[in-house]
Structures are given as structure tokens and as C-alpha cells.
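Student: One structure, pasted below without further comment.
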Amino acid sequence: MMKAVIITEPGGPEVLEVHDVEMPQLGELEVLVEVKAAGVNRPDVFQRKGNYPAPAGVDPRIPGLEIAGTIVAKGKDVVDWHIGDRVCALVAGGGYAAYAKVYQGHCLPIPDHLDFAEAASLPETVFTVWDNVFRRGKLQAGEHFLVHGGAGGIGSTAIQLGALFGAAVYTTVSSPEKAAFCESLGAIKAINYKNEDFQEQLMPLGIDVILDSIGGSYFEKNINLLSPEGRLVYINAMERAKVELNLLKLMQKRIVLTGSTLRARDREFKQTLRDDIWSQVWPKLSAGEFKPTIYRILPFAEASEAHRMMEDSSLLGKIVLSF
């Protein structure tokens, strides 16, 4: 048996409780990680509320999409990793637990200068940003890139990576503190949407790629802002999912409209994504050019407080649970 944070029933943060549960059973190509830290992400909140069901083969009671720790056992066909290796990993669920099983192709080595909490803050956001911004959005050096909600985990990662790979990055935020935080990460300008119109501010520039998790009223403004051949990428629709589209604008500008979710993708897709990240992003991480942004580290028994903080939307970077 092991300790895990479980969702006792759909509801508010208070439904998260620490219980004893059975240890994961390893497959032939999986490793068992003794979890030292687990990242907290907005999909965990959706799962807790009953709005984001876990995929087949994942314990639906235990949230958590990213972990860091030490490999303590491995399946008989695992060749990529060894017992004692420090790894961080993307998981489809089960991260809020003392132990987690991970497919070998979804692990990444933890650079020596990072601790477990820093490493645990990376996989979900880096996988999401690399797939959506660089593979689907095809962001190139010299292009103008707009990140909505730049102060959170996804946003802060997108700003850093966009700037590191040569784009001019802009973002929207809700406070002066968040604006300063985003600009410290490499954003050229952070626009406070509470007192500025981001479309008016950025229209003279033209934007090549937009990463949006808001939807709703942002959609038409995004379309208006995009330059010819622009790419609009959706990873959520927190305001509203149904929008109206003027198809003439789409055709006249030759806009690419795309989006994705990561959790339910097959393990081969996630491994190719891991391979890209290992070769393209991990050297920058190891060199200290790309840095984890930790807002708070809480003991795993305080997962309910972590979720309250996530829903409060005042965070600057990532929240991490320690084990």
C-alpha cells in the first residue's frame, strides 16, 4: 500500500483527501518512480470537479499529470532507464501519489542543478507548449507570438521558450505584478486586459502565432490580430467554447486554426514529443537558459489548498506538491 491524494467525490477542493491505496502494477515497458514531487495543473481541477475523466487504464481517483522522483523498479523490457535514475515524467494520471508507474518513453532525466520540485513543474507544461506552439503553431525565430494568460504554468513556459527560440513575445495578464513577472521571463510587453484592449495595443504589429486558453470573446480579436498565414492555437476555452467565425477573414488571411489536448494521446505520440523535447529544450534547461517558475511548494497532504490557489488564479508560475 501507499499514500495518495484521492478525489473522494466530484466537488470542491475539500474532496481531496489522503488515503492508503494499492501500489501500481508495472507493465513490461514501465518504470516505478518513487515520487518526490508532483506538479499541479488546471486539468487536475477539472478532474476533481468531474469534468475531465481519466483515460482507460488510469486510476480515476488520483489526479496528477507530472511527477519527479527516483526509479525504484522497472519492467523486464525497460532498457532506457536504471534503478536509481532521477527522472521527471508525463503521466496520464496518478501523479498525486507516493509511487507512480510511467511508460519508459515518457521520462526525461533531471539535470543535476534542478531539485525534484523544479523538475516536477516541467513535463505537462513543456510537452503542451512544445506540441502546440512549435509543432502545431510552427513558431519561427523573428515572428510575433502572443500568449494569453502569461503568468500561469503554461503561459510562463510559453513565454520563456518563445523568447529563447527567437520570437518576439507578447502576453495578456490581469495585474501589474503578473505583468512584471512575464516581462522578467522575456515578454516584450504584458498587456493588462482589465484596463487595456490587447487588440488595440497589438494591431499595429500583427501577430503570427497566438496561444489561447480563453476562447469566448477573445476569439474574434485573435482572428483580427493575426497576420496573413497566422496560426491560432487553442489548448482550452475557459470563457466559452462556442464562437462565431467569419470564414472570409479566415480565407483572406489564410489563417490556420488548430488546437489539441494531450492527455488522451497514445503513448507513441507522447514518446516522439518527449524525444523532441529532450533534443531541443533539455540542452537549454541544462545550460540554465530555461528555468522552472515555482510559485509555491506545498506538502502533498495540502493538495486541497493547492487547488484553492490554482482556482484563485493569482499564481505566478507553478504550484508543486512535495512528498
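So you can find residues: chains in the C-alpha cells are A, B, ... in the order shown, residues in each start at 1, and ligands are numbered from 1 in order.
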Please report as CSV every residue of segment 192-293 of chain A lying within 10 Å of segment 167-178 of chain A, along with the nearest atom pair and their distance in Å (one decimal), using only C-alpha atoms.
Tutor:
residue,atom,partner,partner_atom,distance
A:Asn192,CA,A:Val173,CA,4.9
A:Tyr193,CA,A:Ser174,CA,6.0
A:Lys194,CA,A:Ser174,CA,6.1
A:Asn195,CA,A:Ser174,CA,8.8
A:Glu196,CA,A:Thr172,CA,9.5
A:Asp197,CA,A:Thr172,CA,9.6
A:Phe198,CA,A:Thr172,CA,7.2
A:Leu202,CA,A:Tyr170,CA,8.6
A:Ile207,CA,A:Tyr170,CA,9.2
A:Asp208,CA,A:Ala167,CA,9.8
A:Val209,CA,A:Val169,CA,9.7
A:Ile210,CA,A:Tyr170,CA,9.5
A:Leu211,CA,A:Thr171,CA,9.5
Student: Need the shell around Gln201 of chain A: protein/DNA/RNA residues with any atom at most 10 Å away, counting only C-alpha atoms. Skip same-chain ones fewer than 6 positions apart. Format as an mmCIF file with N, CA, C and O atoms, in the first residue's frame?
Tutor:
data_model
loop_
_atom_site.group_PDB
_atom_site.id
_atom_site.type_symbol
_atom_site.label_atom_id
_atom_site.label_comp_id
_atom_site.auth_asym_id
_atom_site.auth_seq_id
_atom_site.Cartn_x
_atom_site.Cartn_y
_atom_site.Cartn_z
ATOM 1 N N LYS A 189 6.163 42.878 -23.997
ATOM 2 C CA LYS A 189 5.104 43.692 -23.401
ATOM 3 C C LYS A 189 4.033 42.778 -22.830
ATOM 4 O O LYS A 189 3.609 41.819 -23.482
ATOM 5 N N ILE A 191 0.217 43.024 -21.445
ATOM 6 C CA ILE A 191 -0.940 43.906 -21.519
ATOM 7 C C ILE A 191 -1.950 43.498 -20.459
ATOM 8 O O ILE A 191 -2.410 42.344 -20.436
ATOM 9 N N LEU A 225 -6.282 40.095 -35.072
ATOM 10 C CA LEU A 225 -4.869 40.394 -34.826
ATOM 11 C C LEU A 225 -3.912 39.638 -35.736
ATOM 12 O O LEU A 225 -2.820 40.124 -36.030
#
Student: Using only C-alpha atoms, find each residue of segment 53-110 of chain A with at least one atom at most 10 Å away from an atom of segment 281-304 of chain A; report its shortest atom-to-atom pair and that distance in Å (one decimal), sort the rows by chain and rising residue number, and return the result as CSV.
Tutor:
residue,atom,partner,partner_atom,distance
A:Tyr96,CA,A:Phe300,CA,7.3
A:Ala97,CA,A:Phe300,CA,8.3
A:Ala98,CA,A:Phe300,CA,9.3
A:Leu108,CA,A:Trp282,CA,8.7
A:Pro109,CA,A:Trp282,CA,9.0
A:Ile110,CA,A:Ser286,CA,8.8
Student: Export, as an mmCIF file, in the first residue's frame, the selected residues with C-alpha atoms.
Tutor:
data_model
loop_
_atom_site.group_PDB
_atom_site.id
_atom_site.type_symbol
_atom_site.label_atom_id
_atom_site.label_comp_id
_atom_site.auth_asym_id
_atom_site.auth_seq_id
_atom_site.Cartn_x
_atom_site.Cartn_y
_atom_site.Cartn_z
ATOM 1 C CA TYR A 96 -0.517 12.721 -6.563
ATOM 2 C CA ALA A 97 0.847 9.538 -5.006
ATOM 3 C CA ALA A 98 3.934 8.207 -3.255
ATOM 4 C CA LEU A 108 13.234 12.711 -19.003
ATOM 5 C CA PRO A 109 16.466 12.907 -16.963
ATOM 6 C CA ILE A 110 16.603 15.581 -14.281
#
Student: Write out as a PDB file with C-alpha atoms, in the first residue's frame each polymer residue whose atoms come within 7 Å of Glu66 of chain A, counting only C-alpha atoms; drop sequence neighbours fewer than 2 positions from it.
Tutor:
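File around.pdb, as written:
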ATOM      1  CA  ALA A  38       4.163  16.356  -8.384  1.00  0.00           C
ATOM      2  CA  GLY A  39       3.064  19.360 -10.415  1.00  0.00           C
ATOM      3  CA  GLY A  64      -1.716  14.417 -11.270  1.00  0.00           C
ATOM      4  CA  ALA A  89       7.811  12.348 -16.391  1.00  0.00           C
ATOM      5  CA  LEU A  90       4.487  12.971 -18.033  1.00  0.00           C
ATOM      6  CA  VAL A  91       1.743  10.683 -16.727  1.00  0.00           C
ATOM      7  CA  GLY A  95       0.710  11.703 -10.018  1.00  0.00           C
ATOM      8  CA  ALA A 120       8.125  18.164 -11.376  1.00  0.00           C
ATOM      9  CA  PRO A 123       6.652  17.930 -18.069  1.00  0.00           C
ATOM     10  CA  GLU A 124       2.984  18.886 -18.504  1.00  0.00           C
TER      11      GLU A 124
END
Student: I need the residue nearest Ala179 of chain A from this list: A:Lys3, A:Arg42, A:His106, A:His148. Use only C-alpha atoms for the distance.
Tutor: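 Among the listed residues, the smallest separation from Ala179 of chain A belongs to A:His148.
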Student: May I have all residues of segment 67-228 of chain A that DSSP, computed from the backbone, assigns to strand (DSSP E or B), given as a ChimeraX atom specification?
Tutor: /A:67-74,86-90,97,99-103,107-109,144-148,168-173,189-192,207-212,215,226-228
Student: DSSP on the backbone: what in segment 105-154 of chain A comes out helix (DSSP H, G or I), as number ranges by chain?
Tutor: A: 105-106, 116-120, 123-136, 153-154
Student: A:Gln104, A:Ser279, A:Asn224, A:Thr128: which is nearest Ala73 of chain A, counting only C-alpha atoms?
Tutor: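 The shortest atom-to-atom distance to Ala73 of chain A comes from A:Gln104.
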Student: Name the closest residue to Gly11 of chain A among the candidates A:His307, A:Arg254, A:Arg267, A:Lys249; distances are taken between atoms, counting only C-alpha atoms.
Tutor: A:His307
Student: How many Å separate atom CA of Phe219 of chain A from atom CA of Cys182 of chain A?
Tutor: 22.2 Å
Student: To one decimal place in Å, what is the distance between atom CA of Gly153 of chain A and atom CA of Met310 of chain A?
Tutor: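 These two atoms are separated by 10.2 Å.
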Student: How many Å separate atom CA of Leu164 of chain A from atom CA of Arg136 of chain A?
Tutor: 17.9 Å
